[in-house]
Structures are given as structure tokens and as C-alpha cells.
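Here is the structure we will look at.
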Amino acid sequence: MTGESAQRVYEHLAEKLSSSEFAPRTLFERFNVEVLCTTDAATDTLEQHKKLRNEGWGERVRPTFRPDALVNLDAEGWRDGVKKLSEISGVEVTGYLSFVEALEERRAFFKEMGAVATDHAALTPHAERLPNTEAKAIFARALRGEAGGDDDARFTAHMLVELARMSVEDGLVMQLHVGSLRNHNETVFGRFGIDMGADIPVATEWTRNLGGLLNEYGNDPPFRLVVYTLDESTYSRELAPLAGHYPGLSLGAPWWFFDSPLGMRRYLDAVVETAGVRNLAGFNDDTRAFASIPARHDVWRRVVSDWLAGLVTTGVVDDEDAREMAWDLAYGQAKSTYRLGVLP
Amino acid sequence: MTGESAQRVYEHLAEKLSSSEFAPRTLFERFNVEVLCTTDAATDTLEQHKKLRNEGWGERVRPTFRPDALVNLDAEGWRDGVKKLSEISGVEVTGYLSFVEALEERRAFFKEMGAVATDHAALTPHAERLPNTEAKAIFARALRGEAGGDDDARFTAHMLVELARMSVEDGLVMQLHVGSLRNHNETVFGRFGIDMGADIPVATEWTRNLGGLLNEYGNDPPFRLVVYTLDESTYSRELAPLAGHYPGLSLGAPWWFFDSPLGMRRYLDAVVETAGVRNLAGFNDDTRAFASIPARHDVWRRVVSDWLAGLVTTGVVDDEDAREMAWDLAYGQAKSTYRLGVLP
Amino acid sequence: MTGESAQRVYEHLAEKLSSSEFAPRTLFERFNVEVLCTTDAATDTLEQHKKLRNEGWGERVRPTFRPDALVNLDAEGWRDGVKKLSEISGVEVTGYLSFVEALEERRAFFKEMGAVATDHAALTPHAERLPNTEAKAIFARALRGEAGGDDDARFTAHMLVELARMSVEDGLVMQLHVGSLRNHNETVFGRFGIDMGADIPVATEWTRNLGGLLNEYGNDPPFRLVVYTLDESTYSRELAPLAGHYPGLSLGAPWWFFDSPLGMRRYLDAVVETAGVRNLAGFNDDTRAFASIPARHDVWRRVVSDWLAGLVTTGVVDDEDAREMAWDLAYGQAKSTYRLGVLP
């Protein structure tokens, strides 16, 4: 591909994409996708999901509850978001308790619409329960536009524990994506806005930060937390030991920069000996590019198979176990982790 | 093995273990163990070791001096421990100086009973000498039950330097196991107590933390410190460069979660190019399960041999050197590091 | 080699080194070195370089501008250095502005003498622009011998941004070597001085620390910063994502302890999938030992070729692409990164 061929290639792709052969639902079938989960703001009406449900696609395309914009007090337009939350949930948010109630109402709606999971992005996995009086006071300050100091950090840390509590109650699997410093390049951010490739990882601490949450809920079988990291040094040091210990914790697939052949191999090398296969969440590709789904799952399946073949060749596992592990990693663990086992 | 076969398997094992064929000393011979070192509280009477000595087993089963419960002022029952130390050492501990004297007396007794090493566990390897007046003041506060603030952390850091000083004087090899956050799961801790698998690693800093100790003793040939880490990112960044530089520092075998085929391979990959083989302490399995000893040494020997075979195949070392390195890593380095070279 | 053969070997080498066959310029030709860059203090007269220029060697042996001793206020003899800077630059340094002017004058001279790059060593890559008034105030305090507190750290962080600004203007490639805690062993330092092998790495943070500098200059095509780290955990977590994003940032070759077969392999494994080949600076050996140059480049070329052969074997890249990548990594990237493309 060169500058000269650009227009020709563009036109070729545009033509393909407008053909019925490349229509989303046709590709969905061709890609042999069983379930696709979107990520949706907690205040989303899920109109498209309603439409899909009416057309019989409700079990195959599901929403995911993402409350970041409400849980982070310093998110842009936070107060408007709270207002919208009141309207859409039917719970008038006047303080912390009604805020929690409104979130619970929304989760119930998402669940009704087929959601199996929630998703949270954070710079750090710090989770720590505040006394209710303090959570109330911070929330009240935020409503008045007077939150400051470490109000935001403490409230977010508290809400992670509260969201875990809700997960125990409603059974939605909790996902946590941690360690990306967003909008690193201010020029790019100023010109093009968020999600333009200028998010850079930072070192992440899990052992102490998740201590409070795991102590409260990590031993409870119904609870499940799936964590994703951008700090590979935590795979063997913190995450695999934590997942090996707490029944409620699963390790998500290698994420973002590490969703690559060598990244996957480093992940398997670092976590399986300590955490085993059954504490991993298998593979979900976390993509924004629909057309990339089959290729990415294919890479994962090939890397997993190659890695397991190495264990067979060196006599660490036998052929039968390797086959079972391959199936688990490629398919079974993702389904069971997200409780999709009831699907065909 | 299933729930159904459990009772049968249990009975089979119980029968085996009660047969003379599986008696500890028979297994000791069958496993071809040369020396086994136990870990013993600094206040232990070493009654069992006395008995073993009288039966001619004194050179094969040796105690190891572990003073953690005395050195950490916030250890449970610390004041009772100090009382016990007074009684058993014959040195009435009334303050810091007599405390040090009592520890020295105990070390002399351990050495007399065959000990070749001491062992210390710490969350961080921070070692820093305090002025004597300050060590005395903190110890006095602790005796009165009034220690607080960072008294414990500072006293422990000071005692690591003092214990290194004692090692220079009595020749006991100092071992430091660092980086495990103990009792992470409060539920498990509350129900079952310590050492129930709920210890999770944290990031560890060696370069600055060990600076004071290594500056004071790391250049002295009689001193030897063997360090064990749970933070693999420090292998190449801190530990291998430190061990390559200071004659008194050796790197312990990959520990705990990393006592595994891939863990061992990562260790060799990360440290040998910088630290060489002669700055490693070889392999000791650190196990609580007697029956696991031969298998764990076997894994180490196989991984080392496979790793060295790779160096031979790629022409980095020749066959003869690889054989010597294999012998050193499997056997020679452990013996020479712990000064057990005089044994048959 | 044994103690016995030492004298014989020494004499053999001494004889060789004094023969014309081993004269530096003969070796230069035999090693097939295209360009060699020395590292020179910012106050150096570059007398030897002048001589080399006059003898027609000016394009092959070039100086590199290293202002650490002036930029670090706590460097030994800092005020004498500033005095020397005034004399040699012809700019009377009476305060911060004339200091900057004198540095610019020196850079112009270095450039005239063939320099293509600058070099900076720092414990941390912290770069942050100060208000001019503050830079002036700190510099004035330092001139009076009254700098204290965090004056030095803040001034150094500021000067890294200023030196980047100068690089944008004069086109000298900026190099940053980060993460070595110098003179760790005080005994060795006291007896033998600096650079005696007692420099030990520490953990390094790049994402936040370089944020200010990269935001100001990282998007500008003329600017180029080449970074070297001793903290391998930052390869995939921070450096490859940063280099993949900012056009102005390149990753230097694996440095110091990691200038080794396995160190090179870990580097390639960790950075290429994210940063690609064109964001790497290729290989420069950073040696103090002239005779080691060909062997070190040879190791790099072999490791790169072996690594690329693995990609070909597993079908990740085809033969043609691998050949191009090998050439880039072995030769092309170093030349283009340092803008030496005009050489034969």
C-alpha cells in the first residue's frame, strides 16, 4: 500500500463494506460470534439493545454497565450525568443514598436487557470502603460543585467496593481495567479529544489496593471480579498469587498493547504456573473494530495452542490435559467466567 | 482422583506413611539428602536437635537461627518472647545492649548445635543503622509497651544491620526472605491463622534499602548474605547487579511462586548474564513438605540442564563449562554458599 | 588464564597493543567503523577533535555534548565549572539567562566540530519547565553557594526541558541515560573514585516524568529524544507505548547490564510489537573499550537475526521484510536516528 494506491484501496473497502455480504449481522454469522457485549454508559437508554431484542438478537448482543462517568466525581459534566441518572432511573438523586439506589435500579435494567457484566476503568485499583457518613458528605460536596482535595479519589475507591457489593447481589460480573494514564498528549487531546492513542500505562499496585475489596467479597462464591492490567510486572508478583488465592478473582486476557503474540506468551508464562487455567477469564478481544474479532481470537487460539504444545513436548502435561486446557482457554473459561453457560 | 476415591487414597497414603519404608530417616537415605536445615525460633531449646546429635545425625539435620519474633517489636507476644529469651540465654534482658548480648549467646548455641545460617523474613529489605542511643530508647519504649509510630520499622531496619555484624563475627550465613505481605485474607487468617496460603507479594526495592548494610559489610569476605525475592522485576534491575558487585551478596534460588519450571527459567535468564553462576546460592527447596524434596531438586536440575543445553547449542558456552556450571548450580554452589564443604 | 600465565598474557597484549597493527586508526579501519562519537564535557576545548579534523578524520570521530556537570547544581566543583563555561564560551555567566546563552554557544561550537548529539545521565527522567523567574532565582542561589532543598532536582528537571528546546532549534539529537544510582559502594568510591562498577539500577518512571517534555516537543518532527533505561519492566509498560505514540521519541539499545544476548532478546520481545522497528535507535555500543566495538555489534546483529528468524519461521513476517528489519536494526536505524545519513 502506498500513497498512490490509497484511493483505490479506500474505494475497494467502501464498496465491500456497503455490500450485503459485509453487513454487520452477516459478518456476525460468518465470524461465528456467539455473544457480543457492548459497553454502555450507566445512563444509556439502551434503545438499540431494545430493538435488537425485539428482533431476536437479545441473547447474542448484550449491553455492559459502565458507570465511570458517575463514579468519578471529576468526570467532565458529572453533575449533568447525575441529573440524567435521576431522569432515566426514576430515582430522584438528592444525595449519596439515592445515588446508590439509582445505580442499582439501572443495573437491574441492564440485567433485564441481557447484561452479564459491568466494566470500570481506573488509573489505580485502589478500593476502600468509607464510612457512610463520609461518602454522603463527599457526594453532597460534589453536588454543590465543592468537591476538592482527595474527595474524588476517595469516593471512587469507595464506589469500587460498593459496586462489588452490588455485583454480589445481582450477579453481574465486575470487570476492572486498570493502569492507563489517559490523554497523555495534550496537543492530540486538544485537537481530537479522547481515545486517540495517547493513553500510556503506568505502574500499578494490586496487592494492597484490592485488599479491602477482596477481604469483603473475594471469598464469596457468587462474586466475580475480572481484572485487566497494563503492568506486566504484576502478572507473577501480584495478580497470579491473588487469583490463585481468592475464589472471586479471575485474570482477564492480556490487554491492549499486550494483545499480541509475544504479549500473550508472556502472560501465559507468568500466570498459569501460579493461578492455573481455571482462574483465567479466557479471551475477550475488547476491540472497537468489529472486523478484527475473528483474527484476534485466532491469534489467541494459536498462541495458546503453541504454548500448550510446548508443555506437551517437554512432558509437563499430557495430550489429553492440553486439549482440555486449550478448549478452556479458547472458549470454556470465557463462557463460564461471564456465566454464559446457558447459551447454545 | 475424585470425591469417591478420596477415602481409599487417604487410607492408602496413611498405610504407606506408617510403614517403616516411609519412616523419615529411611526417606532421608532414600532421597539421598546430605544436609537438612530446619528453621527454629531464636528462643528454641533445640531439644530435638540435641537428640539427633546424640544419635549421630547432628551433621545431617541442623537448626537455623530465626529471630524474627524478637526483632520485630510488633510481633504478637513480643514481650513474652523477650522474657523467654532472658531465661533460655541466661542473659537478663533489661535493655538494648543485653538484648543484643542475649541474641549473640543464642547464635553461639545454635552454631554449637550445627547451625550454618540464620533466616529473616521481612516485608522490605530496609536496613539502616541507628545511633546506639536511639536503638536503646526504642527498645526501652517497647519493653514498657510504649513503642509506636515508626519505632518498629526503624528498629527492624537497625537489627538487620546488627545481625549482619553478628554474621561477620560468627560466620553464620545470613538469609533474607523479602516481599510477602502476610495474612492478606483476614477471613482465612481469623479462622485458620497464619501460613494458610494468603500471603501475597508486593513490589520490593533492594538498591537503596540494602545500601547501608552492604556498605558496612558487603565488601568483607567472611560475610555472606543470601537474598530471596518475590518481585521478579528486581532480578535483572537490582539483585543481579548488586550480587555481581558485592562479594558478600549471593542470590537465593527462585522462591515460592517461582519455584517452578518457568519461574526457574526466568530467574536464570535474568540473573546469570550479570551475576554469573558463582554469585548464586544454588538451590534449596525451602519446603514444609519433606516428601517433596527430591522432586523439587529434580525439577531444578532438569531446568538448569535444559537452560545450559541451550547455551551449548547456541555456542555461548562449551560442553565442559556447561557441565561445571550444572554441577555448581545443582550441588556445588549450595554447599559452598552455606559453608558445608567439609561434609563428605 | 591462571595467576601463573598472567604476566605472560599481559606482556603478549602489551606487545600487540604497541604494534602498528593495533594502532587506533588501523583498528578503526579494520573494525570497519563508520562513525565514532566521543562524550565530552560541555566545557571541553575539543582540542583532539580539532586535530582529528585537520587530519581529515572530522566526519568519522565526532564529539558529543554532555552538560551534566553544569546542569546538576550539586555536581562537585559546579561553580568552577560555571567559571570555566564563561571563559570558554566567551559569554560571561552572571545569571540564568547568560548561563543558557553560554550553553547554546557551546552547542553551536560542538555542532561546528561535527557533533550530532547530546547526552545526559540522570537518576530519574523527571522533566518539568519552571517559570523563568524561578529558574533565575535558583541559579542565583547556586551561584552564591546557597542552593538547597529541592533546588537541584527542580533545576535539573527544568534544564532537561530547556535542553530539549535547544535540540529542536539546533537539531542535535538528545540522549537520556536514566536509572543508575551512582557510587553505591562507598568504600570503592572512597578508594578508587567514580565509575568503578558500583553503579546499581533503580526503578524508573517515564510516563509521568517525561510528560511535560514530550507534550512540549515530542510532537515536533525535528526533535528527537533517544532514551536508555536500566529498568526492563518499563520496556513494555511505558517506553514502547510512548515511543509508539510520540514521533520525537526513539528507544535506545539495551543498555549496560542488558547489552547481552538474553538482554537484547528481552528488549526485542518487549518493545517491537508495540513500538515497531522504526521507533528504535538501532545499536550503539556505548563502550569505554575501543577493542570491544566489533564484538558487541556482532552480538547485536546475531541476536537480531536470530530473533527475526523466529518471526519468519512462525510466519509472522516474511523473508523480505525480515531482511529489511535486520538491516534497519543493524545499521539503518542508527544512521537515520543520529542523522548520519549523509555519510558514505
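For the C-alpha cells, the naming scheme is as follows: chains receive sequential letters (A, B, ...) according to their order of presentation, residues are indexed from 1 within each chain, and ligands are indexed from 1 in presentation order.
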Please provide the set of residues having any atom within 8 Å of segment 337-341 of chain A, restricted to only C-alpha atoms, with same-chain residues fewer than 2 positions apart removed, written as an MDAnalysis selection string.
chainID A and resid 116:117 173 224 250 281 333:335 343
When you look at segment 144-160 of chain B with a cut-off of 7 Å (counting only C-alpha atoms), what residues show up, excluding the ones that are within fewer than 4 positions of it in the same chain? I need them as a list in words.
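The residues satisfying every condition are Val71, Asn72, Leu73, Asp74, His126, Ala127, Glu128, Arg129, Leu130, Ala135, Ile138, Ala140 and Ala164 of chain B.
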Just give me the gap between atom CA of Ser236 of chain B and atom CA of Ser233 of chain C in Å, one decimal is fine.
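Result for atom CA of Ser236 of chain B versus atom CA of Ser233 of chain C: 9.7 Å, one decimal.
Comparing C:Glu216, C:Glu169, C:Glu105, C:Glu186 by their smallest distance to chain B, the closest is C:Glu186 (using only C-alpha atoms).
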Can you tell me which residues surround segment 5-18 of chain C at a distance of at most 12 Å, considering only C-alpha atoms, apart from same-chain residues fewer than 5 positions away, and format the answer as a PyMOL selection string?
chain C and resi 23-24+26-27+290-291
For a quick check of understanding, using only C-alpha atoms, which of A:Thr314, A:Asn185, A:Thr133, A:Asn219 has the smallest distance to chain C?
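Among A:Thr314, A:Asn185, A:Thr133, A:Asn219, it is A:Asn185 that comes nearest to chain C.
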Report as an NGL selection string: the residues of segment 133-328 of chain A with a DSSP assignment of helix (DSSP H, G or I), based on the backbone of this structure.
:A and (133-143 or 151-170 or 186-192 or 211-217 or 233-245 or 256-258 or 261-275 or 290-313 or 319-328)
As a PyMOL selection string, please: the residues near Asp199 of chain C (cut-off 7 Å, only C-alpha atoms, same-chain neighbours under 2 positions excluded).
chain C and resi 180-184+197+201
Those same residues, written as a short mmCIF file (atom, residue, chain, number, x, y, z; two decimals), in the first residue's frame with N, CA and C atoms?
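To be explicit, this is the file written out as out-v3.cif:
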data_model
loop_
_atom_site.label_atom_id
_atom_site.label_comp_id
_atom_site.auth_asym_id
_atom_site.auth_seq_id
_atom_site.Cartn_x
_atom_site.Cartn_y
_atom_site.Cartn_z
N SER C 180 20.57 4.90 36.93
CA SER C 180 21.71 4.31 37.64
C SER C 180 22.02 5.10 38.90
N LEU C 181 21.95 4.42 40.03
CA LEU C 181 22.34 5.05 41.29
C LEU C 181 23.85 4.90 41.42
N ARG C 182 24.53 6.03 41.26
CA ARG C 182 26.00 6.00 41.15
C ARG C 182 26.66 5.82 42.52
N ASN C 183 27.85 5.23 42.49
CA ASN C 183 28.71 5.14 43.67
C ASN C 183 28.02 4.48 44.86
N HIS C 184 27.36 3.36 44.57
CA HIS C 184 26.62 2.65 45.61
C HIS C 184 27.56 2.17 46.71
N GLY C 197 32.30 0.41 38.73
CA GLY C 197 31.44 -0.77 38.72
C GLY C 197 30.45 -0.82 39.86
N PRO C 201 21.25 -0.13 39.32
CA PRO C 201 19.98 0.43 38.84
C PRO C 201 18.90 0.56 39.92
#
Looking only at the backbone, which of the residues in segment 191-324 of chain C does DSSP tag as strand (DSSP E), as an MDAnalysis selection string?
chainID C and resid 200:201 225:229 249:251
Excluding segment 30-46 of chain B and residues on its chain fewer than 3 positions from it, collect all residues at most 6 Å away from it, counting only C-alpha atoms, and give them as a PDB file with all heavy atoms, in the first residue's frame.
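Produced file around.pdb, reproduced below:
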ATOM      1  N   LEU B  27      13.431 -42.361  54.467  1.00  0.00           N
ATOM      2  CA  LEU B  27      13.258 -41.479  53.308  1.00  0.00           C
ATOM      3  C   LEU B  27      14.485 -40.579  53.129  1.00  0.00           C
ATOM      4  O   LEU B  27      14.934 -40.320  52.021  1.00  0.00           O
ATOM      5  CB  LEU B  27      12.007 -40.613  53.474  1.00  0.00           C
ATOM      6  CG  LEU B  27      10.663 -41.343  53.325  1.00  0.00           C
ATOM      7  CD1 LEU B  27       9.508 -40.361  53.529  1.00  0.00           C
ATOM      8  CD2 LEU B  27      10.557 -42.009  51.946  1.00  0.00           C
ATOM      9  N   HIS B  49      17.029 -31.377  68.188  1.00  0.00           N
ATOM     10  CA  HIS B  49      18.363 -31.367  67.570  1.00  0.00           C
ATOM     11  C   HIS B  49      19.389 -32.023  68.480  1.00  0.00           C
ATOM     12  O   HIS B  49      20.289 -32.730  68.016  1.00  0.00           O
ATOM     13  CB  HIS B  49      18.766 -29.933  67.207  1.00  0.00           C
ATOM     14  CG  HIS B  49      18.097 -29.430  65.970  1.00  0.00           C
ATOM     15  ND1 HIS B  49      18.550 -29.727  64.707  1.00  0.00           N
ATOM     16  CD2 HIS B  49      16.976 -28.690  65.790  1.00  0.00           C
ATOM     17  CE1 HIS B  49      17.762 -29.174  63.803  1.00  0.00           C
ATOM     18  NE2 HIS B  49      16.786 -28.531  64.429  1.00  0.00           N
ATOM     19  N   ARG B  60      23.783 -33.945  59.774  1.00  0.00           N
ATOM     20  CA  ARG B  60      22.855 -34.078  58.656  1.00  0.00           C
ATOM     21  C   ARG B  60      21.572 -33.269  58.864  1.00  0.00           C
ATOM     22  O   ARG B  60      20.955 -32.861  57.895  1.00  0.00           O
ATOM     23  CB  ARG B  60      22.544 -35.555  58.428  1.00  0.00           C
ATOM     24  CG  ARG B  60      23.848 -36.339  58.230  1.00  0.00           C
ATOM     25  CD  ARG B  60      23.595 -37.818  58.100  1.00  0.00           C
ATOM     26  NE  ARG B  60      23.046 -38.128  56.793  1.00  0.00           N
ATOM     27  CZ  ARG B  60      22.715 -39.363  56.422  1.00  0.00           C
ATOM     28  NH1 ARG B  60      22.845 -40.370  57.268  1.00  0.00           N
ATOM     29  NH2 ARG B  60      22.230 -39.589  55.217  1.00  0.00           N
ATOM     30  N   VAL B  61      21.173 -33.090  60.093  1.00  0.00           N
ATOM     31  CA  VAL B  61      19.997 -32.256  60.376  1.00  0.00           C
ATOM     32  C   VAL B  61      20.438 -31.126  61.297  1.00  0.00           C
ATOM     33  O   VAL B  61      20.869 -31.364  62.420  1.00  0.00           O
ATOM     34  CB  VAL B  61      18.867 -33.075  61.026  1.00  0.00           C
ATOM     35  CG1 VAL B  61      17.641 -32.187  61.250  1.00  0.00           C
ATOM     36  CG2 VAL B  61      18.502 -34.273  60.166  1.00  0.00           C
ATOM     37  N   ARG B  62      20.334 -29.913  60.811  1.00  0.00           N
ATOM     38  CA  ARG B  62      20.884 -28.767  61.523  1.00  0.00           C
ATOM     39  C   ARG B  62      19.816 -27.704  61.756  1.00  0.00           C
ATOM     40  O   ARG B  62      18.898 -27.544  60.948  1.00  0.00           O
ATOM     41  CB  ARG B  62      22.016 -28.142  60.699  1.00  0.00           C
ATOM     42  CG  ARG B  62      23.223 -29.050  60.518  1.00  0.00           C
ATOM     43  CD  ARG B  62      24.105 -28.578  59.372  1.00  0.00           C
ATOM     44  NE  ARG B  62      25.272 -29.423  59.206  1.00  0.00           N
ATOM     45  CZ  ARG B  62      26.456 -29.196  59.777  1.00  0.00           C
ATOM     46  NH1 ARG B  62      26.636 -28.136  60.535  1.00  0.00           N
ATOM     47  NH2 ARG B  62      27.461 -30.027  59.581  1.00  0.00           N
ATOM     48  N   PRO B  63      19.939 -26.965  62.830  1.00  0.00           N
ATOM     49  CA  PRO B  63      18.979 -25.880  63.071  1.00  0.00           C
ATOM     50  C   PRO B  63      19.389 -24.617  62.300  1.00  0.00           C
ATOM     51  O   PRO B  63      20.522 -24.509  61.838  1.00  0.00           O
ATOM     52  CB  PRO B  63      19.101 -25.640  64.568  1.00  0.00           C
ATOM     53  CG  PRO B  63      20.523 -25.984  64.890  1.00  0.00           C
ATOM     54  CD  PRO B  63      20.923 -27.096  63.925  1.00  0.00           C
ATOM     55  N   THR B  64      18.436 -23.707  62.134  1.00  0.00           N
ATOM     56  CA  THR B  64      18.707 -22.381  61.562  1.00  0.00           C
ATOM     57  C   THR B  64      18.116 -21.336  62.498  1.00  0.00           C
ATOM     58  O   THR B  64      16.989 -21.495  62.980  1.00  0.00           O
ATOM     59  CB  THR B  64      18.077 -22.262  60.157  1.00  0.00           C
ATOM     60  OG1 THR B  64      18.595 -23.313  59.333  1.00  0.00           O
ATOM     61  CG2 THR B  64      18.395 -20.913  59.519  1.00  0.00           C
ATOM     62  N   PHE B  65      18.866 -20.301  62.732  1.00  0.00           N
ATOM     63  CA  PHE B  65      18.506 -19.272  63.717  1.00  0.00           C
ATOM     64  C   PHE B  65      17.550 -18.253  63.103  1.00  0.00           C
ATOM     65  O   PHE B  65      17.925 -17.533  62.178  1.00  0.00           O
ATOM     66  CB  PHE B  65      19.806 -18.587  64.164  1.00  0.00           C
ATOM     67  CG  PHE B  65      19.626 -17.514  65.204  1.00  0.00           C
ATOM     68  CD1 PHE B  65      19.399 -17.844  66.540  1.00  0.00           C
ATOM     69  CD2 PHE B  65      19.728 -16.167  64.854  1.00  0.00           C
ATOM     70  CE1 PHE B  65      19.273 -16.848  67.508  1.00  0.00           C
ATOM     71  CE2 PHE B  65      19.595 -15.166  65.818  1.00  0.00           C
ATOM     72  CZ  PHE B  65      19.364 -15.515  67.144  1.00  0.00           C
ATOM     73  N   ARG B  66      16.325 -18.188  63.620  1.00  0.00           N
ATOM     74  CA  ARG B  66      15.348 -17.248  63.069  1.00  0.00           C
ATOM     75  C   ARG B  66      14.789 -16.338  64.164  1.00  0.00           C
ATOM     76  O   ARG B  66      13.897 -16.713  64.918  1.00  0.00           O
ATOM     77  CB  ARG B  66      14.204 -18.007  62.417  1.00  0.00           C
ATOM     78  CG  ARG B  66      13.182 -17.070  61.802  1.00  0.00           C
ATOM     79  CD  ARG B  66      12.501 -17.703  60.639  1.00  0.00           C
ATOM     80  NE  ARG B  66      11.622 -16.801  59.964  1.00  0.00           N
ATOM     81  CZ  ARG B  66      11.015 -17.079  58.819  1.00  0.00           C
ATOM     82  NH1 ARG B  66      11.235 -18.228  58.242  1.00  0.00           N
ATOM     83  NH2 ARG B  66      10.223 -16.214  58.258  1.00  0.00           N
ATOM     84  N   PRO B  67      15.306 -15.126  64.242  1.00  0.00           N
ATOM     85  CA  PRO B  67      14.959 -14.233  65.347  1.00  0.00           C
ATOM     86  C   PRO B  67      13.830 -13.256  65.033  1.00  0.00           C
ATOM     87  O   PRO B  67      13.650 -12.294  65.778  1.00  0.00           O
ATOM     88  CB  PRO B  67      16.272 -13.474  65.566  1.00  0.00           C
ATOM     89  CG  PRO B  67      16.822 -13.339  64.179  1.00  0.00           C
ATOM     90  CD  PRO B  67      16.372 -14.567  63.413  1.00  0.00           C
ATOM     91  N   LEU B  85      13.603 -15.212  76.071  1.00  0.00           N
ATOM     92  CA  LEU B  85      14.994 -15.052  75.632  1.00  0.00           C
ATOM     93  C   LEU B  85      15.924 -14.925  76.832  1.00  0.00           C
ATOM     94  O   LEU B  85      17.009 -15.529  76.864  1.00  0.00           O
ATOM     95  CB  LEU B  85      15.116 -13.821  74.719  1.00  0.00           C
ATOM     96  CG  LEU B  85      16.530 -13.446  74.255  1.00  0.00           C
ATOM     97  CD1 LEU B  85      17.124 -14.538  73.353  1.00  0.00           C
ATOM     98  CD2 LEU B  85      16.532 -12.106  73.513  1.00  0.00           C
ATOM     99  N   PRO B 294      12.893 -34.494  46.933  1.00  0.00           N
ATOM    100  CA  PRO B 294      13.590 -34.981  45.733  1.00  0.00           C
ATOM    101  C   PRO B 294      12.990 -34.438  44.439  1.00  0.00           C
ATOM    102  O   PRO B 294      13.727 -34.079  43.520  1.00  0.00           O
ATOM    103  CB  PRO B 294      13.424 -36.498  45.798  1.00  0.00           C
ATOM    104  CG  PRO B 294      12.676 -36.807  47.030  1.00  0.00           C
ATOM    105  CD  PRO B 294      12.301 -35.554  47.733  1.00  0.00           C
TER     106      PRO B 294
END
Would you give me, as JSON lines, each residue of chain B having an atom within 7 Å of an atom of chain C, along with its shortest atom pair and that distance in Å to one decimal, using only C-alpha atoms and sorting by chain and residue number?
{"residue": "B:Thr207", "atom": "CA", "partner": "C:Val202", "partner_atom": "CA", "distance": 6.4}
{"residue": "B:Gly211", "atom": "CA", "partner": "C:His184", "partner_atom": "CA", "distance": 6.8}
{"residue": "B:Asn215", "atom": "CA", "partner": "C:Asn185", "partner_atom": "CA", "distance": 5.7}
{"residue": "B:Ser233", "atom": "CA", "partner": "C:Ser233", "partner_atom": "CA", "distance": 6.3}
{"residue": "B:Arg237", "atom": "CA", "partner": "C:Pro201", "partner_atom": "CA", "distance": 5.7}
{"residue": "B:Glu238", "atom": "CA", "partner": "C:Pro201", "partner_atom": "CA", "distance": 5.8}
{"residue": "B:Pro241", "atom": "CA", "partner": "C:Ile200", "partner_atom": "CA", "distance": 6.1}
{"residue": "B:Leu242", "atom": "CA", "partner": "C:Ile200", "partner_atom": "CA", "distance": 6.6}
{"residue": "B:His245", "atom": "CA", "partner": "C:Ala198", "partner_atom": "CA", "distance": 6.4}
{"residue": "B:Asp269", "atom": "CA", "partner": "C:Leu262", "partner_atom": "CA", "distance": 6.6}
{"residue": "B:Thr274", "atom": "CA", "partner": "C:Phe257", "partner_atom": "CA", "distance": 6.2}
The distance between atom CA of Leu268 of chain C and atom CA of Leu280 of chain C is 9.9 Å
Point-to-point distance from atom CA of Asn279 of chain A to atom CA of Trp300 of chain A, Å rounded to tenths:
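Separation of atom CA of Asn279 of chain A and atom CA of Trp300 of chain A: 17.1 Å.
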